[in-house]
$ cat run_27.cif   # mmCIF, N, CA and C atoms
data_start
#
loop_
_atom_site.group_PDB
_atom_site.id
_atom_site.type_symbol
_atom_site.label_atom_id
_atom_site.label_comp_id
_atom_site.auth_asym_id
_atom_site.auth_seq_id
_atom_site.Cartn_x
_atom_site.Cartn_y
_atom_site.Cartn_z
ATOM 1 N N THR A 163 120.201 114.092 86.815
ATOM 2 C CA THR A 163 120.985 113.430 85.782
ATOM 3 C C THR A 163 120.313 113.475 84.423
ATOM 4 N N GLY A 164 119.001 113.734 84.394
ATOM 5 C CA GLY A 164 118.310 113.816 83.129
ATOM 6 C C GLY A 164 117.829 112.474 82.594
ATOM 7 N N SER A 165 118.239 111.368 83.196
ATOM 8 C CA SER A 165 117.845 110.051 82.704
ATOM 9 C C SER A 165 116.483 109.628 83.246
ATOM 10 N N GLY A 166 115.973 110.354 84.247
ATOM 11 C CA GLY A 166 114.706 109.998 84.859
ATOM 12 C C GLY A 166 114.840 108.913 85.908
ATOM 13 N N LYS A 167 116.025 108.380 86.082
ATOM 14 C CA LYS A 167 116.248 107.327 87.064
ATOM 15 C C LYS A 167 116.597 107.962 88.401
ATOM 16 N N LYS A 168 115.925 107.502 89.438
ATOM 17 C CA LYS A 168 116.136 108.043 90.772
ATOM 18 C C LYS A 168 117.250 107.293 91.474
ATOM 19 N N THR A 169 118.102 108.005 92.194
ATOM 20 C CA THR A 169 119.156 107.374 92.982
ATOM 21 C C THR A 169 118.590 107.036 94.354
ATOM 22 N N PRO A 170 118.603 105.758 94.718
ATOM 23 C CA PRO A 170 118.023 105.384 96.018
ATOM 24 C C PRO A 170 118.913 105.800 97.183
ATOM 25 N N LYS A 171 118.294 105.899 98.347
ATOM 26 C CA LYS A 171 119.035 106.106 99.585
ATOM 27 C C LYS A 171 119.506 104.750 100.065
ATOM 28 N N TYR A 172 120.575 104.746 100.846
ATOM 29 C CA TYR A 172 121.108 103.529 101.457
ATOM 30 C C TYR A 172 121.059 103.701 102.962
ATOM 31 N N GLU A 173 120.666 102.630 103.659
ATOM 32 C CA GLU A 173 120.581 102.684 105.112
ATOM 33 C C GLU A 173 120.984 101.331 105.679
ATOM 34 N N LYS A 174 121.877 101.348 106.659
ATOM 35 C CA LYS A 174 122.265 100.101 107.324
ATOM 36 C C LYS A 174 121.176 99.708 108.304
ATOM 37 N N MET A 175 120.867 98.396 108.342
ATOM 38 C CA MET A 175 119.841 97.900 109.255
ATOM 39 C C MET A 175 120.044 96.417 109.502
ATOM 40 N N THR A 176 119.531 95.945 110.621
ATOM 41 C CA THR A 176 119.557 94.515 110.899
ATOM 42 C C THR A 176 118.404 93.858 110.133
ATOM 43 N N VAL A 177 118.407 92.541 110.085
ATOM 44 C CA VAL A 177 117.316 91.818 109.430
ATOM 45 C C VAL A 177 115.989 92.139 110.114
ATOM 46 N N ASN A 178 115.980 92.132 111.453
ATOM 47 C CA ASN A 178 114.742 92.442 112.175
ATOM 48 C C ASN A 178 114.258 93.859 111.893
ATOM 49 N N GLU A 179 115.174 94.812 111.813
ATOM 50 C CA GLU A 179 114.791 96.182 111.480
ATOM 51 C C GLU A 179 114.212 96.242 110.061
ATOM 52 N N ALA A 180 114.826 95.503 109.131
ATOM 53 C CA ALA A 180 114.344 95.483 107.745
ATOM 54 C C ALA A 180 112.934 94.901 107.681
ATOM 55 N N LEU A 181 112.689 93.821 108.425
ATOM 56 C CA LEU A 181 111.359 93.211 108.417
ATOM 57 C C LEU A 181 110.317 94.139 109.046
ATOM 58 N N GLY A 182 110.703 94.847 110.106
ATOM 59 C CA GLY A 182 109.793 95.816 110.723
ATOM 60 C C GLY A 182 109.477 96.966 109.787
ATOM 61 N N LYS A 183 110.496 97.461 109.132
ATOM 62 C CA LYS A 183 110.314 98.553 108.177
ATOM 63 C C LYS A 183 109.462 98.088 106.997
ATOM 64 N N ALA A 184 109.633 96.832 106.589
ATOM 65 C CA ALA A 184 108.852 96.281 105.482
ATOM 66 C C ALA A 184 107.367 96.270 105.834
ATOM 67 N N LYS A 185 107.037 95.872 107.064
ATOM 68 C CA LYS A 185 105.629 95.870 107.495
ATOM 69 C C LYS A 185 105.048 97.270 107.442
ATOM 70 N N GLN A 186 105.839 98.251 107.861
ATOM 71 C CA GLN A 186 105.378 99.639 107.802
ATOM 72 C C GLN A 186 105.229 100.091 106.348
ATOM 73 N N TRP A 187 106.139 99.690 105.490
ATOM 74 C CA TRP A 187 106.181 100.137 104.093
ATOM 75 C C TRP A 187 104.997 99.600 103.286
ATOM 76 N N VAL A 188 104.728 98.294 103.420
ATOM 77 C CA VAL A 188 103.672 97.683 102.599
ATOM 78 C C VAL A 188 102.390 97.392 103.379
ATOM 79 N N GLY A 189 102.442 97.476 104.705
ATOM 80 C CA GLY A 189 101.254 97.250 105.514
ATOM 81 C C GLY A 189 101.080 95.794 105.906
ATOM 82 N N GLU A 190 100.250 95.593 106.901
ATOM 83 C CA GLU A 190 99.984 94.252 107.430
ATOM 84 C C GLU A 190 99.285 93.352 106.410
ATOM 85 N N ASP A 191 98.543 93.957 105.490
ATOM 86 C CA ASP A 191 97.744 93.182 104.538
ATOM 87 C C ASP A 191 98.424 93.038 103.173
ATOM 88 N N ALA A 192 99.759 93.123 103.157
ATOM 89 C CA ALA A 192 100.510 92.995 101.902
ATOM 90 C C ALA A 192 100.302 91.610 101.290
ATOM 91 N N VAL A 193 100.448 91.546 99.976
ATOM 92 C CA VAL A 193 100.319 90.275 99.271
ATOM 93 C C VAL A 193 101.642 89.933 98.596
ATOM 94 N N GLN A 194 101.964 88.658 98.563
ATOM 95 C CA GLN A 194 103.185 88.213 97.907
ATOM 96 C C GLN A 194 102.889 88.118 96.408
ATOM 97 N N ILE A 195 103.673 88.841 95.593
ATOM 98 C CA ILE A 195 103.441 88.839 94.149
ATOM 99 C C ILE A 195 104.482 88.021 93.397
ATOM 100 N N ASP A 196 105.556 87.680 94.070
ATOM 101 C CA ASP A 196 106.621 86.856 93.495
ATOM 102 C C ASP A 196 107.459 86.369 94.664
ATOM 103 N N GLU A 197 108.397 85.464 94.400
ATOM 104 C CA GLU A 197 109.244 84.963 95.475
ATOM 105 C C GLU A 197 110.053 86.111 96.078
ATOM 106 N N GLY A 198 109.821 86.387 97.373
ATOM 107 C CA GLY A 198 110.552 87.436 98.074
ATOM 108 C C GLY A 198 110.075 88.846 97.786
ATOM 109 N N VAL A 199 108.928 88.998 97.098
ATOM 110 C CA VAL A 199 108.414 90.325 96.745
ATOM 111 C C VAL A 199 106.996 90.468 97.299
ATOM 112 N N TYR A 200 106.806 91.486 98.138
ATOM 113 C CA TYR A 200 105.505 91.754 98.751
ATOM 114 C C TYR A 200 105.061 93.159 98.376
ATOM 115 N N GLN A 201 103.774 93.286 98.071
ATOM 116 C CA GLN A 201 103.232 94.555 97.601
ATOM 117 C C GLN A 201 102.020 94.946 98.452
ATOM 118 N N ASN A 202 101.852 96.256 98.652
ATOM 119 C CA ASN A 202 100.681 96.705 99.397
ATOM 120 C C ASN A 202 99.424 96.492 98.554
ATOM 121 N N LYS A 203 98.272 96.580 99.193
ATOM 122 C CA LYS A 203 96.994 96.295 98.520
ATOM 123 C C LYS A 203 96.747 97.204 97.323
ATOM 124 N N SER A 204 97.164 98.461 97.396
ATOM 125 C CA SER A 204 96.909 99.389 96.289
ATOM 126 C C SER A 204 97.911 99.233 95.148
ATOM 127 N N GLY A 205 98.970 98.440 95.381
ATOM 128 C CA GLY A 205 99.957 98.211 94.326
ATOM 129 C C GLY A 205 100.931 99.350 94.108
ATOM 130 N N THR A 206 101.026 100.275 95.071
ATOM 131 C CA THR A 206 101.903 101.438 94.908
ATOM 132 C C THR A 206 103.247 101.297 95.607
ATOM 133 N N ARG A 207 103.368 100.337 96.530
ATOM 134 C CA ARG A 207 104.629 100.122 97.250
ATOM 135 C C ARG A 207 104.935 98.645 97.304
ATOM 136 N N GLN A 208 106.243 98.336 97.253
ATOM 137 C CA GLN A 208 106.627 96.940 97.430
ATOM 138 C C GLN A 208 107.950 96.842 98.154
ATOM 139 N N TYR A 209 108.138 95.668 98.746
ATOM 140 C CA TYR A 209 109.338 95.313 99.503
ATOM 141 C C TYR A 209 109.907 94.087 98.815
ATOM 142 N N ARG A 210 111.211 94.114 98.541
ATOM 143 C CA ARG A 210 111.826 93.004 97.805
ATOM 144 C C ARG A 210 113.053 92.505 98.541
ATOM 145 N N MET A 211 113.040 91.211 98.852
ATOM 146 C CA MET A 211 114.187 90.549 99.469
ATOM 147 C C MET A 211 114.282 89.163 98.816
ATOM 148 N N THR A 212 114.877 89.121 97.640
ATOM 149 C CA THR A 212 114.967 87.881 96.874
ATOM 150 C C THR A 212 116.258 87.129 97.194
ATOM 151 N N ARG A 213 116.320 85.910 96.740
ATOM 152 C CA ARG A 213 117.532 85.094 96.950
ATOM 153 C C ARG A 213 118.756 85.837 96.391
ATOM 154 N N ARG A 214 118.604 86.459 95.244
ATOM 155 C CA ARG A 214 119.719 87.195 94.631
ATOM 156 C C ARG A 214 120.180 88.354 95.527
ATOM 157 N N ASP A 215 119.228 89.051 96.139
ATOM 158 C CA ASP A 215 119.569 90.172 97.024
ATOM 159 C C ASP A 215 120.308 89.693 98.264
ATOM 160 N N LEU A 216 120.053 88.444 98.656
ATOM 161 C CA LEU A 216 120.643 87.907 99.880
ATOM 162 C C LEU A 216 121.917 87.109 99.646
ATOM 163 N N THR A 217 122.386 87.051 98.387
ATOM 164 C CA THR A 217 123.619 86.318 98.110
ATOM 165 C C THR A 217 124.733 87.196 97.562
ATOM 166 N N GLY A 218 124.437 88.410 97.125
ATOM 167 C CA GLY A 218 125.478 89.336 96.680
ATOM 168 C C GLY A 218 126.247 88.877 95.451
ATOM 169 N N HIS A 219 125.580 88.728 94.326
ATOM 170 C CA HIS A 219 126.234 88.313 93.078
ATOM 171 C C HIS A 219 127.214 89.368 92.576
ATOM 172 N N LYS A 220 128.205 88.932 91.805
ATOM 173 C CA LYS A 220 129.219 89.861 91.299
ATOM 174 C C LYS A 220 128.644 90.884 90.326
ATOM 175 N N ASP A 221 127.524 90.555 89.650
ATOM 176 C CA ASP A 221 126.915 91.502 88.729
ATOM 177 C C ASP A 221 125.842 92.352 89.415
ATOM 178 N N HIS A 222 125.783 92.253 90.717
ATOM 179 C CA HIS A 222 124.779 92.960 91.505
ATOM 180 C C HIS A 222 125.517 93.584 92.688
ATOM 181 N N HIS A 223 124.793 94.145 93.625
ATOM 182 C CA HIS A 223 125.449 94.697 94.818
ATOM 183 C C HIS A 223 126.301 93.624 95.489
ATOM 184 N N GLN A 224 127.405 94.020 96.047
ATOM 185 C CA GLN A 224 128.319 93.081 96.702
ATOM 186 C C GLN A 224 128.001 92.899 98.176
ATOM 187 N N PHE A 225 126.840 93.364 98.605
ATOM 188 C CA PHE A 225 126.443 93.236 100.002
ATOM 189 C C PHE A 225 125.003 92.733 100.064
ATOM 190 N N LEU A 226 124.658 92.088 101.159
ATOM 191 C CA LEU A 226 123.301 91.594 101.339
ATOM 192 C C LEU A 226 122.383 92.774 101.628
ATOM 193 N N HIS A 227 121.230 92.789 100.983
ATOM 194 C CA HIS A 227 120.380 93.971 101.063
ATOM 195 C C HIS A 227 118.924 93.647 100.755
ATOM 196 N N VAL A 228 118.061 94.629 100.998
ATOM 197 C CA VAL A 228 116.642 94.557 100.677
ATOM 198 C C VAL A 228 116.257 95.852 99.964
ATOM 199 N N HIS A 229 115.152 95.804 99.238
ATOM 200 C CA HIS A 229 114.686 96.976 98.485
ATOM 201 C C HIS A 229 113.323 97.430 98.988
ATOM 202 N N PHE A 230 113.164 98.722 99.123
ATOM 203 C CA PHE A 230 111.876 99.343 99.398
ATOM 204 C C PHE A 230 111.561 100.168 98.152
ATOM 205 N N GLU A 231 110.464 99.824 97.476
ATOM 206 C CA GLU A 231 110.206 100.400 96.160
ATOM 207 C C GLU A 231 108.803 100.987 96.050
ATOM 208 N N THR A 232 108.674 101.948 95.148
ATOM 209 C CA THR A 232 107.356 102.455 94.767
ATOM 210 C C THR A 232 107.091 101.998 93.340
ATOM 211 N N ARG A 233 105.798 101.939 93.004
ATOM 212 C CA ARG A 233 105.408 101.540 91.654
ATOM 213 C C ARG A 233 104.609 102.684 91.036
ATOM 214 N N PRO A 234 104.962 103.076 89.823
ATOM 215 C CA PRO A 234 104.217 104.146 89.160
ATOM 216 C C PRO A 234 102.775 103.713 88.888
ATOM 217 N N PRO A 235 101.858 104.661 88.877
ATOM 218 C CA PRO A 235 100.457 104.316 88.654
ATOM 219 C C PRO A 235 100.196 103.684 87.278
ATOM 220 N N ASN A 236 101.070 103.920 86.326
ATOM 221 C CA ASN A 236 100.882 103.360 84.977
ATOM 222 C C ASN A 236 101.379 101.923 84.860
ATOM 223 N N GLY A 237 101.842 101.355 85.989
ATOM 224 C CA GLY A 237 102.294 99.969 85.976
ATOM 225 C C GLY A 237 103.707 99.770 85.452
ATOM 226 N N GLY A 238 104.505 100.833 85.399
ATOM 227 C CA GLY A 238 105.880 100.724 84.923
ATOM 228 C C GLY A 238 106.775 100.004 85.919
ATOM 229 N N LYS A 239 108.065 100.013 85.621
ATOM 230 C CA LYS A 239 109.050 99.359 86.497
ATOM 231 C C LYS A 239 109.056 99.989 87.881
ATOM 232 N N PRO A 240 109.305 99.173 88.919
ATOM 233 C CA PRO A 240 109.397 99.721 90.269
ATOM 234 C C PRO A 240 110.578 100.692 90.393
ATOM 235 N N ILE A 241 110.419 101.668 91.254
ATOM 236 C CA ILE A 241 111.471 102.647 91.521
ATOM 237 C C ILE A 241 112.005 102.372 92.925
ATOM 238 N N THR A 242 113.290 102.060 93.034
ATOM 239 C CA THR A 242 113.877 101.783 94.339
ATOM 240 C C THR A 242 114.067 103.095 95.079
ATOM 241 N N GLU A 243 113.426 103.205 96.233
ATOM 242 C CA GLU A 243 113.520 104.397 97.076
ATOM 243 C C GLU A 243 114.617 104.247 98.125
ATOM 244 N N LEU A 244 114.748 103.023 98.651
ATOM 245 C CA LEU A 244 115.688 102.774 99.734
ATOM 246 C C LEU A 244 116.263 101.376 99.579
ATOM 247 N N ILE A 245 117.565 101.241 99.757
ATOM 248 C CA ILE A 245 118.202 99.945 99.817
ATOM 249 C C ILE A 245 118.699 99.767 101.245
ATOM 250 N N GLY A 246 118.187 98.734 101.900
ATOM 251 C CA GLY A 246 118.595 98.442 103.267
ATOM 252 C C GLY A 246 119.775 97.475 103.236
ATOM 253 N N ILE A 247 120.921 97.927 103.729
ATOM 254 C CA ILE A 247 122.122 97.093 103.790
ATOM 255 C C ILE A 247 122.063 96.304 105.091
ATOM 256 N N LEU A 248 122.014 94.992 104.978
ATOM 257 C CA LEU A 248 121.867 94.145 106.153
ATOM 258 C C LEU A 248 123.192 94.002 106.886
ATOM 259 N N THR A 249 123.178 94.309 108.176
ATOM 260 C CA THR A 249 124.415 94.362 108.955
ATOM 261 C C THR A 249 124.662 93.100 109.783
ATOM 262 N N ASP A 250 123.679 92.228 109.899
ATOM 263 C CA ASP A 250 123.849 91.054 110.775
ATOM 264 C C ASP A 250 123.698 89.752 109.981
ATOM 265 N N GLN A 251 124.556 89.597 108.986
ATOM 266 C CA GLN A 251 124.463 88.454 108.083
ATOM 267 C C GLN A 251 125.010 87.208 108.716
#
$ encode --input "run_27.cif" --output "structure tokens"
Amino acid sequence: TGSGKKTPKYEKMTVNEALGKAKQWVGEDAVQIDEGVYQNKSGTRQYRMTRRDLTGHKDHHQFLHVHFETRPPNGGKPITELIGILTDQ
């Protein structure tokens, strides 16, 4: 697209599958950096499941979901790699 913004993949998953995938994504020793946001020790990957993600606001996705993100080494905005659509709400 030329904008530099990456289009994330979407995958349906249960809450338990999302939590399992989150452990794999950020590791057992992840640290909570904000409410519902966990980051790996090196700061290169994070998992986000905030209240907003779990309520489906009209100005946001209309489905309950979680984010699996990478963080650029320069400390820029996180890049969403995968959005997990929760199927067992």
$ resolve_selection --input "run_27.cif" --expression "the PyMOL selection byres ((chain A and resi 187-193) around 8)" --output "PyMOL selection string"
chain A and resi 181-186+194-196+199-204+206-209+230-231
$ resolve_selection --input "run_27.cif" --expression "the PyMOL selection byres ((chain A and resi 229) around 8)" --output "PyMOL selection string"
chain A and resi 184+208-212+215+227-228+230-232+241-247
$ residues_near_point --input "run_27.cif" --point "(118.6, 92.9, 108.0)" --cutoff "7 Å" --atoms "only N, CA and C atoms" --output "ChimeraX atom specification"
/A:175-181,246-251
$ select_by_dssp --input "run_27.cif" --residues "chain A" --states "helix (DSSP H, G or I)" --output "PyMOL selection string"
chain A and resi 177-188
$ atom_distance --input "run_27.cif" --atom1 "CA of Asn236 (chain A)" --atom2 "CA of Glu197 (chain A)"
22.8 Å
$ atom_distance --input "run_27.cif" --atom1 "CA of Gly238 (chain A)" --atom2 "CA of Lys168 (chain A)"
13.9 Å
$ atom_distance --input "run_27.cif" --atom1 "atom N of Gly205 (chain A)" --atom2 "atom N of Gln224 (chain A)"
28.8 Å
